[in-house]
Amino acid sequence: MSRPRRAAGWIATGLAASVVFLALVVPDQVTRLPPGASPWATLLRVPLEALAVAAVLLALPARARVVTAGVLGALLGVLTVVKVVDVGFFAVLSRPFDPVLDWPLFADGYRFVEGSAGGAAAVGALVGAIALAVSVPVVMVLAVRRLAAVAARHRRPARVSVGVAAVAWLVLAVLGTSLVPGVYVASDSAVALARDSVLTVPAAIRDKRTFTAEVAADAFRGTAPEQLLGGLRGKDVVFAFIESYGRSAIEDPALDTTVRAALDTGTRQLRDAGYAARSGFLTSPTAGGGSWLAHSTFQSGVWIDNEQRYRSLVSGDRLTLTGAFKKAGAWQTVAVEPGVTYAWPEAQFYGYDKLYDSRTLGYHGPVFGWGPVPDQFALKSFTDAEYARPGRAPLMAELTFVSSHTPWAPLPSLVGWDELGDGSMYAAQHARGQSAAQVWKDPVRVRAAYAQSITYSIDSLVSWVRTYGTDDLVLVFLGDHQPAPVVVGDKAGRDVPVTVVAHDPAVLDRVASWGWTDGLRPEPQAPVWRMDQFRDKFLTTFAAATAPRPLSPPR
């Protein structure tokens, strides 16, 4: 064999060994390493899987070895793809990918990229993802087969090397040796990933049975219409979700203080206008994304933390908050969903009489990041079409604010309500704003833009109440989930603020027993409920026309 061919062979073998080694030891949670820890330290590991596979392949005859190496290489390739997807899921949703339940999220991811960066970028990302999913298993098959062939040609030194490495692995495992806390040198991460991926199947089956029982247990299923929401008759009840408005926005010292200032200023402004507020916290079933999981949990009173539960819920007849208002017969139910850009059959499940989405809100301005319609414009459209309409019936409305949706750039700013027009005036703001590419170069800018977006949503809501709110308005606004780890890190909890605002003191007297704190900003000691508890507490509190006497004063 010529010297160039021999050199090329050694290079190919070295590359094959590197590819297999990295696939086995690179963690799927690099962002979760301790502060100051070098990611390179995670590569100084001895993978158990490599030793086991090498021992098996060395013991097999030639034909069986080739077939087995191909199968094991394909499996390692698939696991590597799952690991890459896990990295993305941890970065965005603070959890691993569920290979059984999470497939619909890829379509949502495509729509997000399309809305944020355009159709060409979305197609490019899709092509890249497909190429990765196909090429990685192919490359891994070729790499494992090459290593198996090389080991077979050098059987004696290969067996000695595997034996020595196995002893080293056992010693390191017994000693619990680690160069980075929580990342042991004696590695079995690929086996753990395979085990966890396989176990998702029976876990999903068990969860489906559990969820069926949870949905069936509904204390309000048979409640007569006249026994629903008597304490809110004649009121306009507005539920507003602020995208990514998490507890960290008001308590994380690493974030800008503008959100806290906006809440405190808003409390004073609303008090001067005759309104009062009480605030607490809810624990969301999701983080970083998956807003629909939080919305459905809040509405249905059932914990919805995965796609299987969500699809099962919206295909059933569970009573939602909106459905309770509709069943009571005293309200017209309206949804304002500026983030909806396609058919949304879930509107029927929730019980909305009318739906206003990005196509029907009358907006003709530029797109700010992912959100097609700025929050203030969505509020004005709702006001013109429904809230300020003469002779209307009382309203129950849900509004979703999307200006605080990632990527938080460019951002709109508050203007006079009479300046909005058809939204064309936003062109100047859009031209002056920073692009997502500019903001996402620097994590500090990302956090600042996030805080600015939440402040804009809160300011829009407070300004709307002061400008258009009536004595009969009852407003409940809350976050749907915490933002992505790039903003709050990966140790943040899943709590989100929730606030009730009303002009009528009798409304807030009813919630006195909840123990929520005064103002738009919940104090750190404010109660924390799971988000699925809100529906039943709300329906119970406002069931009767006459409020029960509070057992204790509000804290």
# chains A, B, ... in the order shown; residues from 1 in each chain; ligands from 1

$ residues_around --residues "Ser197 of chain A" --least-positions-apart "6" --cutoff "9 Å" --atoms "only C-alpha atoms" --output "ChimeraX atom specification"
/A:79,82,97-100

$ write_last_selection --atoms "N, CA and C atoms" --output "short mmCIF file (atom, residue, chain, number, x, y, z; two decimals), in the first residue's frame"
data_model
loop_
_atom_site.label_atom_id
_atom_site.label_comp_id
_atom_site.auth_asym_id
_atom_site.auth_seq_id
_atom_site.Cartn_x
_atom_site.Cartn_y
_atom_site.Cartn_z
N LEU A 79 -29.79 8.23 17.78
CA LEU A 79 -29.62 8.81 19.11
C LEU A 79 -28.91 10.16 19.04
N VAL A 82 -31.42 12.72 18.03
CA VAL A 82 -32.25 13.03 19.20
C VAL A 82 -31.50 13.95 20.16
N PHE A 97 -36.52 16.70 24.37
CA PHE A 97 -37.47 16.33 23.33
C PHE A 97 -38.16 15.03 23.69
N ASP A 98 -39.47 14.97 23.52
CA ASP A 98 -40.23 13.74 23.73
C ASP A 98 -40.50 13.11 22.37
N PRO A 99 -39.84 12.00 22.04
CA PRO A 99 -39.98 11.42 20.71
C PRO A 99 -41.35 10.84 20.41
N VAL A 100 -42.22 10.78 21.41
CA VAL A 100 -43.58 10.29 21.18
C VAL A 100 -44.55 11.45 20.98
#

$ closest_atom_pairs --of "segment 201-289 of chain A" --to "segment 443-459 of chain A" --cutoff "10 Å" --atoms "only C-alpha atoms" --output "JSON lines"
{"residue": "A:Phe241", "atom": "CA", "partner": "A:Ser457", "partner_atom": "CA", "distance": 9.8}
{"residue": "A:Ile242", "atom": "CA", "partner": "A:Ser457", "partner_atom": "CA", "distance": 6.9}
{"residue": "A:Glu243", "atom": "CA", "partner": "A:Ile454", "partner_atom": "CA", "distance": 8.1}
{"residue": "A:Ser244", "atom": "CA", "partner": "A:Ile454", "partner_atom": "CA", "distance": 7.9}
{"residue": "A:Tyr245", "atom": "CA", "partner": "A:Ile454", "partner_atom": "CA", "distance": 6.5}
{"residue": "A:Gly246", "atom": "CA", "partner": "A:Ile454", "partner_atom": "CA", "distance": 9.5}
{"residue": "A:Ala249", "atom": "CA", "partner": "A:Ala451", "partner_atom": "CA", "distance": 6.8}
{"residue": "A:Ile250", "atom": "CA", "partner": "A:Ala451", "partner_atom": "CA", "distance": 9.3}
{"residue": "A:Ala254", "atom": "CA", "partner": "A:Arg447", "partner_atom": "CA", "distance": 8.5}
{"residue": "A:Leu255", "atom": "CA", "partner": "A:Arg447", "partner_atom": "CA", "distance": 6.4}
{"residue": "A:Asp256", "atom": "CA", "partner": "A:Ala451", "partner_atom": "CA", "distance": 6.1}
{"residue": "A:Thr257", "atom": "CA", "partner": "A:Ala451", "partner_atom": "CA", "distance": 7.9}
{"residue": "A:Thr258", "atom": "CA", "partner": "A:Thr455", "partner_atom": "CA", "distance": 6.5}
{"residue": "A:Val259", "atom": "CA", "partner": "A:Thr455", "partner_atom": "CA", "distance": 5.1}
{"residue": "A:Arg260", "atom": "CA", "partner": "A:Thr455", "partner_atom": "CA", "distance": 8.5}
{"residue": "A:Ala261", "atom": "CA", "partner": "A:Thr455", "partner_atom": "CA", "distance": 8.6}
{"residue": "A:Ala262", "atom": "CA", "partner": "A:Thr455", "partner_atom": "CA", "distance": 6.1}
{"residue": "A:Leu263", "atom": "CA", "partner": "A:Ile458", "partner_atom": "CA", "distance": 7.3}
{"residue": "A:Thr265", "atom": "CA", "partner": "A:Asp459", "partner_atom": "CA", "distance": 9.2}
{"residue": "A:Gly266", "atom": "CA", "partner": "A:Asp459", "partner_atom": "CA", "distance": 7.3}

$ write_last_selection --atoms "N, CA and C atoms" --output "tab-separated table (two decimals), in the first residue's frame"
chain	number	residue	atom	x	y	z
A	241	PHE	N	-53.70	37.41	28.14
A	241	PHE	CA	-52.43	36.70	28.29
A	241	PHE	C	-51.31	37.56	27.72
A	242	ILE	N	-50.26	37.78	28.50
A	242	ILE	CA	-49.07	38.47	28.01
A	242	ILE	C	-48.00	37.41	27.75
A	243	GLU	N	-47.64	37.26	26.50
A	243	GLU	CA	-46.69	36.24	26.10
A	243	GLU	C	-45.35	36.39	26.85
A	244	SER	N	-44.88	35.28	27.41
A	244	SER	CA	-43.56	35.19	28.06
A	244	SER	C	-43.43	36.06	29.31
A	245	TYR	N	-44.55	36.49	29.89
A	245	TYR	CA	-44.52	37.31	31.10
A	245	TYR	C	-44.39	36.37	32.30
A	246	GLY	N	-43.14	36.14	32.72
A	246	GLY	CA	-42.88	35.21	33.81
A	246	GLY	C	-42.51	35.92	35.10
A	249	ALA	N	-39.51	38.22	35.32
A	249	ALA	CA	-39.57	39.59	34.81
A	249	ALA	C	-39.66	40.62	35.92
A	250	ILE	N	-40.18	40.20	37.08
A	250	ILE	CA	-40.33	41.16	38.18
A	250	ILE	C	-39.44	40.83	39.38
A	254	ALA	N	-31.03	40.09	37.48
A	254	ALA	CA	-30.24	40.24	36.26
A	254	ALA	C	-31.01	40.93	35.15
A	255	LEU	N	-32.33	41.08	35.33
A	255	LEU	CA	-33.15	41.72	34.31
A	255	LEU	C	-33.36	43.19	34.62
A	256	ASP	N	-33.65	43.94	33.59
A	256	ASP	CA	-33.91	45.36	33.73
A	256	ASP	C	-35.10	45.60	34.66
A	257	THR	N	-35.06	46.72	35.37
A	257	THR	CA	-36.13	47.02	36.34
A	257	THR	C	-37.33	47.69	35.70
A	258	THR	N	-37.34	47.83	34.37
A	258	THR	CA	-38.43	48.56	33.73
A	258	THR	C	-39.78	47.87	33.93
A	259	VAL	N	-39.81	46.55	34.01
A	259	VAL	CA	-41.08	45.85	34.20
A	259	VAL	C	-41.64	46.16	35.58
A	260	ARG	N	-40.81	46.10	36.60
A	260	ARG	CA	-41.28	46.43	37.95
A	260	ARG	C	-41.76	47.87	38.02
A	261	ALA	N	-41.02	48.77	37.38
A	261	ALA	CA	-41.43	50.18	37.38
A	261	ALA	C	-42.76	50.37	36.66
A	262	ALA	N	-42.95	49.64	35.54
A	262	ALA	CA	-44.21	49.76	34.79
A	262	ALA	C	-45.39	49.27	35.62
A	263	LEU	N	-45.20	48.19	36.36
A	263	LEU	CA	-46.28	47.67	37.20
A	263	LEU	C	-46.60	48.63	38.34
A	265	THR	N	-45.99	51.91	38.46
A	265	THR	CA	-46.61	53.11	37.88
A	265	THR	C	-48.05	52.82	37.47
A	266	GLY	N	-48.26	51.65	36.85
A	266	GLY	CA	-49.61	51.29	36.46
A	266	GLY	C	-50.55	51.16	37.64

$ atom_distance --atom1 "atom CA of Leu379 of chain A" --atom2 "atom CA of Tyr426 of chain A"
15.2 Å

$ select_by_dssp --residues "segment 183-409 of chain A" --states "strand (DSSP E or B)" --output "ChimeraX atom specification"
/A:183-184,186-187,236-242,276-283,332-337,354-357,368,371,395-401

$ write_last_selection --atoms "N, CA and C atoms" --output "CSV table (one decimal), in the first residue's frame"
chain,number,residue,atom,x,y,z
A,183,VAL,N,-21.0,15.5,35.8
A,183,VAL,CA,-20.6,14.9,34.6
A,183,VAL,C,-19.5,14.0,34.9
A,184,TYR,N,-19.7,12.7,35.0
A,184,TYR,CA,-18.8,11.7,35.4
A,184,TYR,C,-17.9,11.2,34.2
A,186,ALA,N,-16.6,8.3,33.8
A,186,ALA,CA,-17.1,7.0,33.4
A,186,ALA,C,-18.5,7.2,32.9
A,187,SER,N,-18.6,7.3,31.6
A,187,SER,CA,-19.9,7.7,30.9
A,187,SER,C,-20.8,6.6,30.5
A,236,ASP,N,-68.2,43.3,32.2
A,236,ASP,CA,-67.4,42.9,31.1
A,236,ASP,C,-66.1,42.3,31.6
A,237,VAL,N,-65.9,41.0,31.3
A,237,VAL,CA,-64.8,40.3,31.9
A,237,VAL,C,-63.8,40.0,30.8
A,238,VAL,N,-62.6,40.5,30.9
A,238,VAL,CA,-61.5,40.4,29.9
A,238,VAL,C,-60.4,39.7,30.5
A,239,PHE,N,-60.0,38.5,29.9
A,239,PHE,CA,-58.8,37.8,30.2
A,239,PHE,C,-57.7,38.1,29.2
A,240,ALA,N,-56.6,38.6,29.7
A,240,ALA,CA,-55.5,38.9,28.8
A,240,ALA,C,-54.2,38.2,29.1
A,241,PHE,N,-53.7,37.4,28.1
A,241,PHE,CA,-52.4,36.7,28.3
A,241,PHE,C,-51.3,37.6,27.7
A,242,ILE,N,-50.3,37.8,28.5
A,242,ILE,CA,-49.1,38.5,28.0
A,242,ILE,C,-48.0,37.4,27.8
A,276,ALA,N,-58.8,49.1,41.4
A,276,ALA,CA,-57.9,48.5,42.3
A,276,ALA,C,-57.5,47.1,41.8
A,277,ALA,N,-56.4,46.5,42.3
A,277,ALA,CA,-55.9,45.3,41.8
A,277,ALA,C,-55.4,44.4,42.9
A,278,ARG,N,-55.5,43.1,42.6
A,278,ARG,CA,-54.9,42.1,43.5
A,278,ARG,C,-54.1,41.1,42.6
A,279,SER,N,-52.9,40.7,43.1
A,279,SER,CA,-52.0,39.9,42.3
A,279,SER,C,-51.5,38.7,43.0
A,280,GLY,N,-51.2,37.6,42.3
A,280,GLY,CA,-50.6,36.4,42.8
A,280,GLY,C,-49.8,35.7,41.8
A,281,PHE,N,-49.6,34.4,41.9
A,281,PHE,CA,-48.8,33.7,40.9
A,281,PHE,C,-49.5,32.4,40.6
A,282,LEU,N,-49.3,32.0,39.3
A,282,LEU,CA,-49.7,30.6,38.9
A,282,LEU,C,-48.5,29.9,38.3
A,283,THR,N,-48.5,28.6,38.5
A,283,THR,CA,-47.4,27.8,38.0
A,283,THR,C,-47.8,27.2,36.6
A,332,GLN,N,-71.6,37.7,25.6
A,332,GLN,CA,-71.1,37.4,24.3
A,332,GLN,C,-69.6,37.1,24.4
A,333,THR,N,-69.2,36.0,23.9
A,333,THR,CA,-67.8,35.5,24.1
A,333,THR,C,-66.9,35.8,22.8
A,334,VAL,N,-65.8,36.5,23.1
A,334,VAL,CA,-65.0,37.0,22.0
A,334,VAL,C,-63.5,36.6,22.2
A,335,ALA,N,-62.8,36.2,21.2
A,335,ALA,CA,-61.4,35.9,21.2
A,335,ALA,C,-60.6,36.9,20.3
A,336,VAL,N,-59.6,37.4,20.8
A,336,VAL,CA,-58.7,38.3,20.0
A,336,VAL,C,-57.3,37.6,20.0
A,337,GLU,N,-57.0,37.0,18.9
A,337,GLU,CA,-55.8,36.1,18.8
A,337,GLU,C,-54.9,36.6,17.6
A,354,LYS,N,-67.2,34.8,18.6
A,354,LYS,CA,-66.5,35.5,17.6
A,354,LYS,C,-65.0,35.4,17.8
A,355,LEU,N,-64.3,35.3,16.7
A,355,LEU,CA,-62.8,35.2,16.7
A,355,LEU,C,-62.2,36.3,15.8
A,356,TYR,N,-61.3,37.1,16.4
A,356,TYR,CA,-60.6,38.1,15.6
A,356,TYR,C,-59.1,37.7,15.6
A,357,ASP,N,-58.6,37.4,14.4
A,357,ASP,CA,-57.2,37.0,14.3
A,357,ASP,C,-56.4,38.0,13.5
A,368,PHE,N,-43.7,43.0,13.5
A,368,PHE,CA,-42.7,43.2,14.5
A,368,PHE,C,-42.3,41.8,15.0
A,371,GLY,N,-44.7,38.5,16.2
A,371,GLY,CA,-46.1,39.0,16.4
A,371,GLY,C,-46.6,39.8,15.2
A,395,LEU,N,-69.6,41.5,27.7
A,395,LEU,CA,-68.6,40.7,27.0
A,395,LEU,C,-67.8,39.9,27.9
A,396,MET,N,-67.4,38.7,27.5
A,396,MET,CA,-66.3,37.9,28.0
A,396,MET,C,-65.3,37.8,26.9
A,397,ALA,N,-64.1,38.3,27.1
A,397,ALA,CA,-63.2,38.3,26.0
A,397,ALA,C,-61.8,37.7,26.5
A,398,GLU,N,-61.1,37.0,25.6
A,398,GLU,CA,-59.8,36.6,25.8
A,398,GLU,C,-58.9,37.3,24.8
A,399,LEU,N,-57.9,38.0,25.2
A,399,LEU,CA,-56.9,38.6,24.3
A,399,LEU,C,-55.5,38.1,24.6
A,400,THR,N,-54.8,37.8,23.5
A,400,THR,CA,-53.5,37.3,23.6
A,400,THR,C,-52.5,38.3,23.1
A,401,PHE,N,-51.6,38.8,23.9
A,401,PHE,CA,-50.7,39.8,23.5
A,401,PHE,C,-49.4,39.1,23.0

$ residues_around --residues "Thr320 of chain A" --least-positions-apart "5" --cutoff "7 Å" --atoms "only C-alpha atoms" --output "PyMOL selection string"
chain A and resi 299-300+350

$ atom_distance --atom1 "atom CA of Gly288 of chain A" --atom2 "atom CA of Val367 of chain A"
21.4 Å

$ atom_distance --atom1 "atom CA of Phe377 of chain A" --atom2 "atom CA of Gly365 of chain A"
10.0 Å

$ select_by_dssp --residues "segment 96-210 of chain A" --states "helix (DSSP H, G or I)" --output "JSON, numbers by chain"
{"A": [104, 105, 106, 107, 108, 109, 110, 111, 112, 113, 114, 115, 116, 117, 119, 120, 121, 122, 123, 124, 125, 126, 127, 128, 129, 130, 131, 132, 133, 134, 135, 136, 137, 138, 139, 140, 141, 142, 143, 144, 145, 146, 147, 148, 149, 150, 151, 152, 153, 155, 156, 157, 158, 159, 160, 161, 162, 163, 164, 165, 166, 167, 168, 169, 170, 171, 172, 173, 174, 175, 189, 190, 191, 192, 193, 194, 195, 196, 197, 198, 199, 200, 201, 202, 203, 204, 205, 206, 207, 208, 209, 210]}

$ closest_atom_pairs --of "segment 66-173 of chain A" --to "segment 489-511 of chain A" --cutoff "9 Å" --atoms "only C-alpha atoms" --output "CSV"
residue,atom,partner,partner_atom,distance
A:Phe90,CA,A:Asp490,CA,8.2
A:Ala91,CA,A:Asp490,CA,8.2
A:Ser94,CA,A:Asp490,CA,6.3

$ write_last_selection --atoms "N, CA and C atoms" --output "PDB file, in the first residue's frame"
ATOM      1  N   PHE A  90     -33.830  22.051  25.141  1.00  0.00           N
ATOM      2  CA  PHE A  90     -33.372  22.602  26.409  1.00  0.00           C
ATOM      3  C   PHE A  90     -33.148  24.102  26.292  1.00  0.00           C
ATOM      4  N   ALA A  91     -32.639  24.559  25.151  1.00  0.00           N
ATOM      5  CA  ALA A  91     -32.364  25.985  24.974  1.00  0.00           C
ATOM      6  C   ALA A  91     -33.636  26.806  24.917  1.00  0.00           C
ATOM      7  N   SER A  94     -36.510  24.412  28.025  1.00  0.00           N
ATOM      8  CA  SER A  94     -35.956  23.929  29.303  1.00  0.00           C
ATOM      9  C   SER A  94     -36.348  22.487  29.610  1.00  0.00           C
TER      10      SER A  94
END

$ residues_around --residues "Glu346 of chain A" --least-positions-apart "5" --cutoff "10 Å" --atoms "only C-alpha atoms" --output "list in words"
Ser296, Arg311, Leu313, Val314, Ser315, Gly351 and Tyr352 of chain A

$ write_last_selection --atoms "C-alpha atoms" --output "tab-separated table (two decimals), in the first residue's frame"
chain	number	residue	atom	x	y	z
A	296	SER	CA	-55.70	25.37	27.63
A	311	ARG	CA	-55.11	17.24	21.30
A	313	LEU	CA	-58.64	18.04	25.36
A	314	VAL	CA	-59.65	20.12	22.35
A	315	SER	CA	-61.30	17.11	20.72
A	351	GLY	CA	-66.75	28.39	23.17
A	352	TYR	CA	-66.13	31.72	21.39

$ closest_residue --among "A:Gly423, A:Thr360, A:Arg233, A:Ser291" --to "Asp472 of chain A" --atoms "only C-alpha atoms"
A:Arg233

$ closest_atom_pairs --of "segment 79-155 of chain A" --to "segment 15-20 of chain A" --cutoff "8 Å" --atoms "only C-alpha atoms" --output "tab-separated table"
residue	atom	partner	partner_atom	distance
A:Met140	CA	A:Val20	CA	6.9
A:Leu142	CA	A:Ala16	CA	7.9
A:Ala143	CA	A:Ala16	CA	4.5
A:Val144	CA	A:Ala16	CA	7.1
A:Arg146	CA	A:Ala16	CA	7.2
A:Leu147	CA	A:Ala16	CA	6.9

$ write_last_selection --atoms "C-alpha atoms" --output "compact mmCIF listing (two decimals), in the first residue's frame"
# COMPACT_ATOMS: atom_id res chain seq x y z
CA MET A 140 -22.44 6.95 11.80
CA LEU A 142 -19.94 4.18 7.86
CA ALA A 143 -17.87 5.21 10.89
CA VAL A 144 -18.82 2.21 13.04
CA ARG A 146 -14.84 1.20 9.51
CA LEU A 147 -13.83 0.98 13.16

$ closest_residue --among "A:Leu193, A:Leu293, A:Ala120, A:Leu51" --to "Val164 of chain A" --atoms "only C-alpha atoms"
A:Leu51
